[in-house]
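Engineer: As input, take input25.cif (mmCIF, C-alpha atoms):
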data_protein
#
loop_
_atom_site.label_atom_id
_atom_site.label_comp_id
_atom_site.auth_asym_id
_atom_site.auth_seq_id
_atom_site.Cartn_x
_atom_site.Cartn_y
_atom_site.Cartn_z
CA MET A 1 -65.99 11.30 35.36
CA LEU A 2 -68.81 9.88 37.48
CA LYS A 3 -69.51 13.35 38.92
CA LYS A 4 -69.69 14.82 35.40
CA ASP A 5 -72.14 12.11 34.28
CA SER A 6 -74.33 12.67 37.31
CA LYS A 7 -74.33 16.46 36.67
CA LYS A 8 -75.28 15.86 33.03
CA ARG A 9 -78.10 13.49 34.07
CA HIS A 10 -79.28 16.02 36.65
CA GLY A 11 -79.44 18.74 33.95
CA ILE A 12 -81.46 16.54 31.61
CA ILE A 13 -83.91 15.68 34.41
CA VAL A 14 -84.40 19.39 35.20
CA VAL A 15 -85.03 20.26 31.53
CA ALA A 16 -87.37 17.28 31.07
CA THR A 17 -89.33 18.43 34.14
CA LEU A 18 -89.59 21.99 32.80
CA LEU A 19 -90.81 20.70 29.43
CA LEU A 20 -93.33 18.45 31.18
CA ILE A 21 -94.63 21.41 33.23
CA SER A 22 -94.99 23.42 30.01
CA PHE A 23 -96.91 20.58 28.41
CA LEU A 24 -99.19 20.32 31.47
CA PHE A 25 -99.87 24.07 31.23
CA LEU A 26 -100.71 23.60 27.57
CA THR A 27 -103.21 20.83 28.17
CA ALA A 28 -104.75 22.57 31.20
CA ASN A 29 -105.05 25.71 29.09
CA ILE A 30 -107.29 23.97 26.56
CA LYS A 31 -109.83 23.10 29.27
CA PHE A 32 -109.60 25.94 31.77
CA TRP A 33 -108.76 29.00 29.63
CA GLN A 34 -111.78 31.01 30.78
CA THR A 35 -110.33 31.97 34.15
CA PRO A 36 -106.78 33.23 34.57
CA SER A 37 -104.46 30.55 35.94
CA PHE A 38 -102.47 31.00 39.16
CA VAL A 39 -99.36 31.96 37.16
CA GLU A 40 -101.29 34.43 34.98
CA SER A 41 -102.82 36.14 38.05
CA ILE A 42 -99.41 36.54 39.71
CA VAL A 43 -97.69 37.78 36.54
CA ILE A 44 -100.48 40.29 35.82
CA ALA A 45 -100.47 41.50 39.45
CA VAL A 46 -96.70 42.05 39.36
CA ILE A 47 -96.09 43.36 35.83
CA SER A 48 -99.29 45.24 34.90
CA PRO A 49 -98.84 48.11 37.42
CA PHE A 50 -95.42 48.77 35.81
CA GLN A 51 -97.01 48.53 32.36
CA GLU A 52 -99.64 51.05 33.45
CA LEU A 53 -97.00 53.39 34.86
CA VAL A 54 -94.81 53.29 31.73
CA SER A 55 -97.84 53.53 29.44
CA LYS A 56 -99.19 56.58 31.31
CA THR A 57 -95.76 58.23 31.31
CA ILE A 58 -95.38 57.73 27.55
CA ASN A 59 -98.92 58.97 26.80
CA GLY A 60 -98.44 61.96 29.13
CA THR A 61 -95.13 62.87 27.48
CA ALA A 62 -96.68 62.51 24.03
CA ARG A 63 -99.59 64.75 25.11
CA VAL A 64 -97.21 67.43 26.45
CA TRP A 65 -95.18 67.23 23.23
CA ASN A 66 -98.27 67.51 21.02
CA ASN A 67 -99.93 70.25 23.07
CA TYR A 68 -97.07 72.54 23.97
CA ILE A 69 -93.91 71.81 22.06
CA SER A 70 -95.02 70.71 18.64
CA LEU A 71 -96.97 73.87 17.83
CA ILE A 72 -95.49 74.33 14.37
CA ASP A 73 -98.19 74.50 11.69
CA THR A 74 -100.87 75.14 14.33
CA GLN A 75 -102.31 78.09 12.41
CA GLU A 76 -102.58 76.03 9.26
CA GLY A 77 -104.10 73.13 11.25
CA ASN A 78 -106.57 75.53 12.86
CA TYR A 79 -107.71 76.80 9.49
CA GLN A 80 -108.15 73.25 8.19
CA LEU A 81 -110.14 72.28 11.29
CA ARG A 82 -112.46 75.28 10.94
CA ARG A 83 -113.18 74.31 7.36
CA GLU A 84 -113.75 70.73 8.51
CA ILE A 85 -116.21 71.95 11.20
CA GLU A 86 -118.15 73.91 8.60
CA LYS A 87 -118.26 70.87 6.37
CA LEU A 88 -119.39 68.65 9.25
CA LYS A 89 -122.06 71.19 10.27
CA PHE A 90 -123.46 70.98 6.79
CA GLN A 91 -123.35 67.17 6.82
CA ASN A 92 -124.87 67.14 10.30
CA ASN A 93 -127.84 69.19 9.15
CA THR A 94 -128.44 66.83 6.26
CA LEU A 95 -128.15 63.83 8.54
CA VAL A 96 -130.52 65.31 11.12
CA GLU A 97 -133.09 65.65 8.39
CA LYS A 98 -132.52 62.06 7.34
CA LEU A 99 -132.69 60.90 10.94
CA ASN A 100 -135.98 62.66 11.45
CA SER A 101 -137.44 60.86 8.49
CA VAL A 102 -136.03 57.56 9.77
CA ASN A 103 -137.61 58.29 13.16
CA ARG A 104 -140.91 58.90 11.54
CA LEU A 105 -140.69 55.60 9.74
CA GLY A 106 -139.68 53.81 12.93
CA LYS A 107 -136.53 52.29 11.47
CA LEU A 108 -134.14 53.40 14.18
CA SER A 109 -133.78 49.87 15.51
CA ASN A 110 -130.88 49.31 13.11
CA PHE A 111 -128.68 51.70 15.09
CA VAL A 112 -127.23 51.28 18.52
CA ASN A 113 -129.10 53.26 21.12
CA THR A 114 -126.11 54.33 23.18
CA SER A 115 -128.33 55.78 25.93
CA ASP A 116 -129.26 52.18 26.85
CA LEU A 117 -125.64 51.14 27.32
CA ASN A 118 -123.51 51.47 30.40
CA LEU A 119 -120.03 52.37 29.21
CA ILE A 120 -116.98 52.15 31.44
CA PRO A 121 -113.88 54.00 30.15
CA ALA A 122 -110.61 52.07 30.30
CA ASP A 123 -107.00 52.68 29.28
CA ILE A 124 -104.71 50.30 27.41
CA VAL A 125 -101.80 49.34 29.64
CA GLY A 126 -100.08 46.79 27.41
CA PHE A 127 -100.16 44.79 24.20
CA ASP A 128 -99.76 41.06 23.63
CA SER A 129 -96.30 39.80 24.50
CA THR A 130 -96.01 37.11 21.82
CA GLY A 131 -96.81 39.04 18.66
CA TRP A 132 -98.92 36.17 17.31
CA ALA A 133 -102.06 36.82 19.35
CA LYS A 134 -104.00 40.08 19.04
CA MET A 135 -104.73 40.94 22.64
CA ILE A 136 -104.51 44.03 24.84
CA MET A 137 -104.52 44.55 28.61
CA ILE A 138 -106.80 47.24 30.06
CA ASN A 139 -106.74 48.84 33.51
CA LYS A 140 -110.24 47.79 34.59
CA GLY A 141 -111.18 44.44 36.09
CA LEU A 142 -113.56 42.58 38.36
CA ASN A 143 -113.47 45.49 40.86
CA ASN A 144 -115.02 47.68 38.15
CA SER A 145 -117.80 45.17 37.37
CA LEU A 146 -116.07 43.90 34.23
CA ARG A 147 -116.94 40.36 33.27
CA LYS A 148 -115.99 37.90 30.54
CA ASP A 149 -117.59 38.49 27.12
CA MET A 150 -118.31 42.19 27.55
CA ALA A 151 -117.82 44.13 24.31
CA VAL A 152 -115.06 46.75 24.09
CA VAL A 153 -115.55 49.70 21.74
CA THR A 154 -114.44 53.22 20.90
CA TYR A 155 -116.72 55.90 19.45
CA ASN A 156 -115.37 54.83 16.03
CA GLY A 157 -116.31 51.18 16.32
CA LEU A 158 -115.82 47.72 17.76
CA ILE A 159 -112.47 46.70 19.27
CA GLY A 160 -113.02 43.27 20.84
CA ARG A 161 -114.30 41.51 23.93
CA VAL A 162 -113.15 40.87 27.48
CA VAL A 163 -111.81 37.31 27.75
CA GLN A 164 -110.22 37.21 31.21
CA SER A 165 -110.35 39.50 34.22
CA THR A 166 -108.35 39.81 37.42
CA SER A 167 -109.37 42.24 40.16
CA LYS A 168 -107.73 45.28 38.52
CA TYR A 169 -106.92 44.31 34.94
CA SER A 170 -108.61 42.55 32.02
CA LYS A 171 -107.45 40.90 28.82
CA VAL A 172 -109.30 41.98 25.68
CA LEU A 173 -109.21 39.73 22.60
CA LEU A 174 -109.26 42.01 19.55
CA ILE A 175 -111.54 41.35 16.58
CA THR A 176 -108.34 41.11 14.47
CA ASP A 177 -107.30 37.88 16.29
CA PRO A 178 -107.99 34.69 14.28
CA ARG A 179 -109.80 33.26 17.32
CA SER A 180 -112.33 36.06 17.24
CA ALA A 181 -115.63 35.83 15.29
CA VAL A 182 -118.35 38.48 15.03
CA ASP A 183 -121.72 37.93 13.35
CA ALA A 184 -122.06 40.92 11.04
CA VAL A 185 -124.16 42.55 8.34
CA ILE A 186 -123.30 44.82 5.42
CA GLN A 187 -125.09 48.04 6.39
CA ARG A 188 -126.26 48.93 2.88
CA SER A 189 -127.37 45.57 1.51
CA ARG A 190 -128.16 43.81 4.85
CA ASP A 191 -126.21 40.73 3.69
CA ARG A 192 -125.01 38.65 6.62
CA GLY A 193 -121.71 36.90 7.35
CA VAL A 194 -119.11 36.20 10.03
CA VAL A 195 -116.14 38.57 10.49
CA VAL A 196 -112.91 36.90 11.63
CA GLY A 197 -109.38 38.16 12.20
CA ASN A 198 -106.46 36.90 10.12
CA ASN A 199 -103.35 38.11 11.95
CA LYS A 200 -102.47 40.52 9.13
CA GLY A 201 -104.21 43.44 10.83
CA ILE A 202 -107.22 43.23 8.54
CA LEU A 203 -110.48 41.29 8.88
CA GLU A 204 -112.21 38.76 6.63
CA MET A 205 -115.93 38.33 6.23
CA LYS A 206 -116.80 34.69 5.67
CA TYR A 207 -120.02 32.82 4.86
CA LEU A 208 -121.32 35.73 2.83
CA SER A 209 -123.84 34.47 0.27
CA ILE A 210 -122.55 34.22 -3.31
CA ASP A 211 -125.58 36.29 -4.39
CA SER A 212 -124.82 39.09 -1.94
CA ASP A 213 -124.58 42.64 -3.23
CA VAL A 214 -121.36 43.75 -1.58
CA ARG A 215 -119.12 46.54 -2.87
CA GLU A 216 -115.82 48.08 -1.87
CA GLY A 217 -116.43 50.89 0.62
CA ASP A 218 -119.49 49.24 2.20
CA ILE A 219 -119.74 49.61 5.96
CA VAL A 220 -119.92 46.44 8.04
CA ILE A 221 -121.70 46.48 11.42
CA SER A 222 -122.33 43.89 14.13
CA SER A 223 -125.64 42.07 13.73
CA GLY A 224 -126.31 41.49 17.43
CA LEU A 225 -126.46 37.71 17.02
CA GLY A 226 -124.36 35.64 19.38
CA GLY A 227 -125.15 37.60 22.53
CA ILE A 228 -121.75 39.27 22.98
CA TYR A 229 -121.71 42.25 20.63
CA GLN A 230 -124.75 44.51 20.56
CA LYS A 231 -126.33 45.32 17.21
CA GLY A 232 -124.99 48.23 15.18
CA PHE A 233 -121.35 48.63 16.26
CA MET A 234 -119.23 49.58 13.28
CA ILE A 235 -116.67 46.88 12.48
CA GLY A 236 -115.00 48.35 9.42
CA THR A 237 -115.13 49.12 5.72
CA VAL A 238 -114.98 46.60 2.87
CA SER A 239 -111.61 46.99 1.14
CA LYS A 240 -111.63 44.06 -1.29
CA VAL A 241 -114.28 41.75 -2.73
CA TYR A 242 -113.12 38.37 -4.03
CA GLU A 243 -115.20 37.48 -7.07
CA LYS A 244 -116.26 33.85 -7.10
CA LYS A 245 -118.35 32.14 -9.72
CA THR A 246 -118.64 28.79 -7.97
CA GLY A 247 -119.35 27.66 -4.42
CA LEU A 248 -121.87 28.85 -1.87
CA PHE A 249 -120.02 31.73 -0.24
CA ARG A 250 -117.87 34.69 -1.17
CA GLN A 251 -115.23 36.40 0.88
CA VAL A 252 -114.36 40.04 1.48
CA ASP A 253 -111.52 41.87 3.21
CA ILE A 254 -112.41 44.55 5.75
CA ILE A 255 -110.27 47.37 7.15
CA PRO A 256 -111.09 47.70 10.87
CA ALA A 257 -112.87 50.90 11.91
CA GLU A 258 -110.40 51.52 14.72
CA ASP A 259 -106.63 51.12 14.80
CA VAL A 260 -106.02 49.96 18.34
CA SER A 261 -102.35 50.97 18.31
CA ARG A 262 -103.43 54.62 18.00
CA THR A 263 -106.19 54.45 20.61
CA GLU A 264 -105.66 55.54 24.18
CA GLU A 265 -109.09 55.25 25.74
CA LEU A 266 -111.57 52.45 25.24
CA LEU A 267 -115.13 51.92 26.43
CA VAL A 268 -116.31 48.63 27.91
CA VAL A 269 -119.99 47.96 27.28
CA VAL A 270 -121.57 46.75 30.48
CA SER A 271 -124.94 45.09 30.02
CA PRO A 272 -127.83 47.52 30.61
CA PHE A 273 -129.14 45.08 33.21
CA ASP A 274 -125.95 45.08 35.30
CA LYS A 275 -125.56 48.55 36.76
CA PRO A 276 -121.82 48.86 37.44
CA GLU A 277 -120.54 49.82 40.83
CA ILE A 278 -117.45 51.81 39.93
CA LYS A 279 -114.83 51.70 42.67
CA MET B 1 -77.36 38.99 42.56
CA PHE B 2 -78.06 36.69 39.59
CA ILE B 3 -81.79 36.59 40.41
CA LEU B 4 -81.91 40.37 40.92
CA ALA B 5 -80.12 40.98 37.59
CA MET B 6 -82.52 38.60 35.82
CA THR B 7 -85.57 40.25 37.45
CA VAL B 8 -84.49 43.73 36.31
CA LEU B 9 -83.61 42.43 32.83
CA GLY B 10 -86.94 40.59 32.62
CA MET B 11 -88.91 43.66 33.68
CA VAL B 12 -87.18 45.88 31.11
CA ILE B 13 -87.70 43.31 28.35
CA PHE B 14 -91.37 42.72 29.13
CA LEU B 15 -92.07 46.45 29.27
CA LEU B 16 -90.29 46.81 25.92
CA GLU B 17 -92.25 43.90 24.47
CA THR B 18 -95.70 44.93 25.70
CA VAL B 19 -95.73 48.73 26.08
CA VAL B 20 -93.31 50.41 23.68
CA ILE B 21 -93.38 47.69 21.04
CA ASP B 22 -94.84 50.10 18.43
CA LEU B 23 -91.36 51.61 18.13
CA PHE B 24 -89.97 48.26 17.00
CA THR B 25 -92.85 46.93 14.89
CA ILE B 26 -92.20 46.77 11.14
CA GLY B 27 -95.08 45.76 8.87
CA GLY B 28 -97.02 44.31 11.79
CA ILE B 29 -94.10 42.08 12.81
CA LYS B 30 -92.30 42.65 16.06
CA PRO B 31 -89.04 41.20 17.35
CA ASP B 32 -89.09 38.53 20.07
CA PHE B 33 -86.81 39.95 22.77
CA ILE B 34 -87.51 36.98 25.06
CA LEU B 35 -86.28 34.60 22.38
CA ILE B 36 -83.15 36.74 21.95
CA VAL B 37 -82.50 36.49 25.72
CA ALA B 38 -83.00 32.68 25.58
CA ILE B 39 -80.47 32.48 22.70
CA TYR B 40 -78.04 34.72 24.60
CA SER B 41 -78.33 32.48 27.67
CA GLY B 42 -77.60 29.45 25.49
CA LEU B 43 -74.59 31.06 23.82
CA PHE B 44 -72.98 32.71 26.85
CA LEU B 45 -74.28 30.91 30.00
CA ASN B 46 -74.57 27.19 30.66
CA LYS B 47 -77.32 24.99 29.20
CA ASN B 48 -79.24 24.49 32.46
CA SER B 49 -79.35 28.22 33.20
CA ALA B 50 -80.40 28.83 29.59
CA ALA B 51 -83.22 26.28 29.88
CA GLY B 52 -84.35 27.80 33.20
CA ILE B 53 -84.27 31.38 31.91
CA GLY B 54 -86.07 30.32 28.71
CA PHE B 55 -88.73 28.52 30.75
CA VAL B 56 -89.38 31.34 33.26
CA PHE B 57 -89.34 34.17 30.69
CA GLY B 58 -91.44 32.07 28.28
CA LEU B 59 -93.99 31.37 31.01
CA ILE B 60 -94.29 35.11 31.82
CA GLN B 61 -94.66 35.80 28.09
CA ASP B 62 -97.49 33.25 27.92
CA ALA B 63 -99.18 34.79 30.96
CA LEU B 64 -99.16 38.19 29.24
CA SER B 65 -100.88 36.73 26.19
CA PHE B 66 -104.18 34.88 25.88
CA LYS B 67 -104.79 31.10 25.79
CA LEU B 68 -101.15 30.32 25.07
CA MET B 69 -99.96 29.11 28.51
CA GLY B 70 -97.09 26.67 28.06
CA VAL B 71 -96.29 27.41 24.40
CA ASN B 72 -93.45 29.88 24.87
CA SER B 73 -92.13 28.26 28.05
CA LEU B 74 -91.81 25.02 26.08
CA SER B 75 -90.18 26.53 22.99
CA LYS B 76 -87.84 28.94 24.81
CA CYS B 77 -86.75 26.27 27.31
CA LEU B 78 -86.00 23.88 24.45
CA ILE B 79 -84.15 26.52 22.42
CA GLY B 80 -82.08 27.70 25.42
CA PHE B 81 -81.11 24.13 26.30
CA SER B 82 -80.31 23.13 22.70
CA ILE B 83 -78.07 26.12 22.05
CA GLY B 84 -76.51 25.74 25.52
CA SER B 85 -75.67 22.10 24.68
CA LEU B 86 -73.75 23.27 21.61
CA ARG B 87 -71.98 26.12 23.45
CA GLU B 88 -68.70 24.26 23.91
CA LYS B 89 -68.54 23.46 20.18
CA ILE B 90 -69.23 26.99 18.89
CA LEU B 91 -67.85 30.47 19.40
CA GLY B 92 -70.61 32.63 20.83
CA GLU B 93 -68.76 35.88 20.08
CA ASP B 94 -68.67 35.14 16.34
CA LEU B 95 -71.16 37.42 14.55
CA LEU B 96 -72.05 34.79 11.94
CA VAL B 97 -72.85 32.28 14.70
CA GLN B 98 -75.07 34.86 16.40
CA TYR B 99 -76.96 35.67 13.17
CA LEU B 100 -77.33 32.03 12.21
CA PHE B 101 -78.43 30.75 15.61
CA THR B 102 -80.93 33.58 16.09
CA PHE B 103 -82.42 32.94 12.66
CA MET B 104 -82.65 29.17 13.18
CA ALA B 105 -84.04 29.58 16.70
CA THR B 106 -86.75 31.95 15.39
CA PHE B 107 -87.71 29.30 12.84
CA LEU B 108 -87.75 26.53 15.47
CA ASN B 109 -89.84 28.76 17.74
CA GLY B 110 -92.23 29.38 14.81
CA ILE B 111 -92.55 25.66 14.04
CA ILE B 112 -93.33 24.81 17.69
CA PHE B 113 -95.86 27.64 17.74
CA LEU B 114 -97.54 26.47 14.54
CA LEU B 115 -97.70 22.84 15.71
CA VAL B 116 -99.27 23.84 19.02
CA LEU B 117 -101.70 26.37 17.55
CA LYS B 118 -102.87 24.07 14.76
CA GLY B 119 -102.52 20.70 16.45
CA LEU B 120 -103.54 21.36 20.04
CA LEU B 121 -105.56 24.57 19.91
CA SER B 122 -107.15 23.86 16.46
CA MET B 123 -106.58 27.43 15.29
CA GLU B 124 -107.10 28.28 11.63
CA ILE B 125 -103.76 29.61 10.40
CA GLU B 126 -102.55 30.09 6.84
CA THR B 127 -99.27 28.16 6.94
CA LEU B 128 -97.65 30.06 4.06
CA SER B 129 -98.33 33.54 5.46
CA PHE B 130 -97.30 32.32 8.92
CA PHE B 131 -93.91 31.18 7.62
CA TRP B 132 -93.53 34.42 5.70
CA SER B 133 -94.01 36.28 9.01
CA VAL B 134 -91.54 33.92 10.72
CA LEU B 135 -88.99 34.58 7.95
CA ILE B 136 -89.26 38.35 8.40
CA GLN B 137 -89.15 37.98 12.19
CA GLY B 138 -86.08 35.74 11.83
CA ILE B 139 -84.24 38.42 9.84
CA TYR B 140 -85.39 41.11 12.27
CA ASN B 141 -84.33 39.11 15.36
CA SER B 142 -80.95 38.32 13.72
CA MET B 143 -80.30 42.02 13.12
CA LEU B 144 -81.17 42.95 16.70
CA ALA B 145 -79.47 40.04 18.47
CA PRO B 146 -75.75 41.00 18.13
CA PRO B 147 -76.11 44.53 19.62
CA ILE B 148 -78.32 43.11 22.41
CA PHE B 149 -75.74 40.35 23.11
CA LEU B 150 -73.00 43.00 23.20
CA LEU B 151 -75.00 45.11 25.64
CA LEU B 152 -75.83 42.14 27.88
CA ASN B 153 -72.17 41.03 27.87
CA LYS B 154 -71.07 44.55 28.84
CA ILE B 155 -73.59 44.66 31.70
CA ARG B 156 -72.49 41.19 32.81
CA ARG B 157 -68.81 42.16 32.80
CA LEU B 158 -69.64 45.34 34.72
CA TYR B 159 -71.21 43.43 37.58
CA TYR B 160 -69.26 40.19 37.48
CA LYS B 161 -65.52 40.54 37.16
CA ASN B 162 -65.32 36.74 37.14
CA PRO B 163 -67.79 35.08 34.79
CA VAL B 164 -69.83 33.49 37.58
CA PHE B 165 -72.69 32.68 35.20
CA TYR B 166 -70.61 29.86 33.77
CA LYS B 167 -70.43 28.24 37.19
CA LEU B 168 -74.21 28.17 37.73
#
Take the structure in the file and write it out as structure tokens.
Structural biologist:
Amino acid sequence: MLKKDSKKRHGIIVVATLLLISFLFLTANIKFWQTPSFVESIVIAVISPFQELVSKTINGTARVWNNYISLIDTQEGNYQLRREIEKLKFQNNTLVEKLNSVNRLGKLSNFVNTSDLNLIPADIVGFDSTGWAKMIMINKGLNNSLRKDMAVVTYNGLIGRVVQSTSKYSKVLLITDPRSAVDAVIQRSRDRGVVVGNNKGILEMKYLSIDSDVREGDIVISSGLGGIYQKGFMIGTVSKVYEKKTGLFRQVDIIPAEDVSRTEELLVVVSPFDKPEIK
Amino acid sequence: MFILAMTVLGMVIFLLETVVIDLFTIGGIKPDFILIVAIYSGLFLNKNSAAGIGFVFGLIQDALSFKLMGVNSLSKCLIGFSIGSLREKILGEDLLVQYLFTFMATFLNGIIFLLVLKGLLSMEIETLSFFWSVLIQGIYNSMLAPPIFLLLNKIRRLYYKNPVFYKL
């Protein structure tokens, strides 16, 4: 009886200790979240190489399947692509003309000059393990000159920013996470607001003036304010405008420019002043 | 052998949860395999082992997320221990028990998550849509739990002719 009681007490002490350790991690996390903790570094060092291996195997298999096995409808796809190229050639010519006129007027400052940016390609090795946070792990880290707060993009648009780095891997907080905020402008009307994630896979633009001229289909780009995201990265397209007759601000829903679950390769924007030493 | 089995199981689950999760995601909501393992440990192992497994797996889950260290280790440890404490009073093999406990544990996990995110980390979260997601995840976890329990029990019986887990 006494032995059973002592065993029961021992169990409760162990559980209480584990809960206390969890609580200590929680409180420490609030203050020291910027650098990966000891536990995070070990877990990433042990698990991420396996994540990378599995991820590469899956992507490689998918590539083989798409390139060699799944060749049904290729002729039809080829025809469609040729038509698409012709259409794009036409659009390109029109845009070149427009660009020339913009150049002449000296208004190119609204676009990102990609030749000024150092871009490091990176692969996604894993997604967030909890499902509540919108975070990805990439296979580049401190060894590749990656630092906290560097923007992560694709050629289609903005993805997020580096929040933590170990020597070989980095965590990227996506713009769809509620903890993410990007100062943005509506490209057409130049109205300004803050784009935040909402955990539903779409984005919300807040603090947009009630008088703003925003319409569905408008393109939203980063404004360059805040010092993390350079000016001109595409964030997404306005999908819904909430009409408000009172208050100071209106709100819009935005569909992100890039679906991260379908992206294989990302680009990390290294500051033009920090030439990366790629190892 | 127990530690080796748990390491292999953990590795498989974390790779499932972080790499091939797209296969399991429905409407942006994914199942919580780590929670399912914590519930399994509570239902079929003893409460201390369940608390330990919940804590370790939860801590790894936190480390593979961002700014959430301690949240999952706390909730999974608590859930494993609570279900483990009730193990002698319930029949773990009963399907209804498995559905019910998985659903309730998902809700408890969600409540702990919401309290920590809103209270400690001051995150802006729409409570109603959060609970809607938890409800869907609860149903999803409940559907997946029985076959996973069956598989884990089969693996356990394959390696351990005597149920040594109970003695831990």
Engineer: Give me the residues within 12 Å of segment 135-137 of chain B as a PyMOL selection string, counting all atoms listed in the file and dropping any in the same chain fewer than 6 places off.
Structural biologist: (chain A and resi 130-132) or (chain B and resi 24-33+35-36+102-111+128-129+143-145)
Engineer: Between atom CA of Asn29 of chain A and atom CA of Gly119 of chain B, what is the spacing in Å?
Structural biologist: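 One can read the atom CA of Gly119 of chain B to atom CA of Asn29 of chain A distance as 13.8 Å.
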Engineer: List, as a compact mmCIF listing (two decimals) with C-alpha atoms, in the coordinates of the input, every residue that the PyMOL selection byres ((chain A and resi 171-177) around 9) selects in the file provided.
Structural biologist:
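Generated output (out_38.txt):
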# COMPACT_ATOMS: atom_id res chain seq x y z
CA TRP A 132 -98.92 36.17 17.31
CA ALA A 133 -102.06 36.82 19.35
CA LYS A 134 -104.00 40.08 19.04
CA MET A 135 -104.73 40.94 22.64
CA ILE A 136 -104.51 44.03 24.84
CA MET A 137 -104.52 44.55 28.61
CA ILE A 138 -106.80 47.24 30.06
CA GLY A 141 -111.18 44.44 36.09
CA ALA A 151 -117.82 44.13 24.31
CA VAL A 152 -115.06 46.75 24.09
CA LEU A 158 -115.82 47.72 17.76
CA ILE A 159 -112.47 46.70 19.27
CA GLY A 160 -113.02 43.27 20.84
CA ARG A 161 -114.30 41.51 23.93
CA VAL A 162 -113.15 40.87 27.48
CA VAL A 163 -111.81 37.31 27.75
CA GLN A 164 -110.22 37.21 31.21
CA SER A 165 -110.35 39.50 34.22
CA THR A 166 -108.35 39.81 37.42
CA TYR A 169 -106.92 44.31 34.94
CA SER A 170 -108.61 42.55 32.02
CA PRO A 178 -107.99 34.69 14.28
CA ARG A 179 -109.80 33.26 17.32
CA SER A 180 -112.33 36.06 17.24
CA ALA A 181 -115.63 35.83 15.29
CA VAL A 182 -118.35 38.48 15.03
CA VAL A 195 -116.14 38.57 10.49
CA VAL A 196 -112.91 36.90 11.63
CA GLY A 197 -109.38 38.16 12.20
CA ASN A 198 -106.46 36.90 10.12
CA ASN A 199 -103.35 38.11 11.95
CA LYS A 200 -102.47 40.52 9.13
CA GLY A 201 -104.21 43.44 10.83
CA ILE A 202 -107.22 43.23 8.54
CA LEU A 203 -110.48 41.29 8.88
CA ILE A 235 -116.67 46.88 12.48
CA PRO A 256 -111.09 47.70 10.87
CA VAL A 260 -106.02 49.96 18.34
CA LEU B 64 -99.16 38.19 29.24
CA SER B 65 -100.88 36.73 26.19
CA PHE B 66 -104.18 34.88 25.88
Engineer: Which chain B residues are at most 9 Å from chain A (counting only C-alpha atoms), as a PyMOL selection string?
Structural biologist: chain B and resi 11+14-15+17-22+28-32+47-48+51-52+55+59-75+77-78+81+116+120-121+123-126+129-130
Engineer: Within 10 Å of Ser85 of chain B, counting all atoms listed in the file, which residues show up once you throw out same-chain ones fewer than 4 positions away? Write them as a VMD selection string, please.
Structural biologist: chain B and resid 42 to 43 46 to 48 50 79 to 81 89 to 90
Engineer: Please enclose the listed atoms of segment 79-96 of chain B in an axis-aligned box, pad each side by 4 Å, and write out the centre and the three edge lengths in Å, rounded to one decimal, as AutoDock Vina command-line options.
Structural biologist:
--center_x -76.0 --center_y 29.8 --center_z 19.1 --size_x 24.3 --size_y 23.3 --size_z 22.4
Engineer: Could you work out how far atom CA of Thr57 of chain A lies from atom CA of Tyr155 of chain A, giving the answer in Å with one decimal?
Structural biologist: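 Atom CA of Thr57 of chain A lies 24.2 Å from atom CA of Tyr155 of chain A.
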Engineer: Using atom CA of Leu248 of chain A and atom CA of Ile210 of chain A as the two end points, give the distance in Å to one decimal.
Structural biologist: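 So the two atoms, atom CA of Leu248 of chain A and atom CA of Ile210 of chain A, lie 5.6 Å apart.
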Engineer: I need the residue nearest Thr263 of chain A from this list: A:Ser145, A:Asn118, A:Thr154, A:Asn78. Use all atoms listed in the file for the distance.
Structural biologist: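 Residue with the minimum atom-to-atom distance to Thr263 of chain A: A:Thr154.
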Engineer: Could you complete segment 183-190 of chain A so that it carries N, CA and C atoms, and give it back as a compact mmCIF listing (two decimals), in the coordinates of the input?
Structural biologist:
# COMPACT_ATOMS: atom_id res chain seq x y z
N ASP A 183 -120.65 38.01 14.33
CA ASP A 183 -121.72 37.93 13.35
C ASP A 183 -122.01 39.36 12.87
N ALA A 184 -121.98 39.55 11.55
CA ALA A 184 -122.06 40.92 11.04
C ALA A 184 -122.98 41.04 9.83
N VAL A 185 -123.37 42.28 9.54
CA VAL A 185 -124.16 42.55 8.34
C VAL A 185 -123.53 43.72 7.57
N ILE A 186 -123.71 43.68 6.25
CA ILE A 186 -123.30 44.82 5.42
C ILE A 186 -124.41 45.86 5.60
N GLN A 187 -124.06 47.06 6.03
CA GLN A 187 -125.09 48.04 6.39
C GLN A 187 -126.01 48.39 5.22
N ARG A 188 -125.45 48.50 4.03
CA ARG A 188 -126.26 48.93 2.88
C ARG A 188 -127.17 47.83 2.36
N SER A 189 -126.59 46.63 2.17
CA SER A 189 -127.37 45.57 1.51
C SER A 189 -128.02 44.61 2.50
N ARG A 190 -127.67 44.69 3.78
CA ARG A 190 -128.16 43.81 4.85
C ARG A 190 -127.75 42.35 4.65
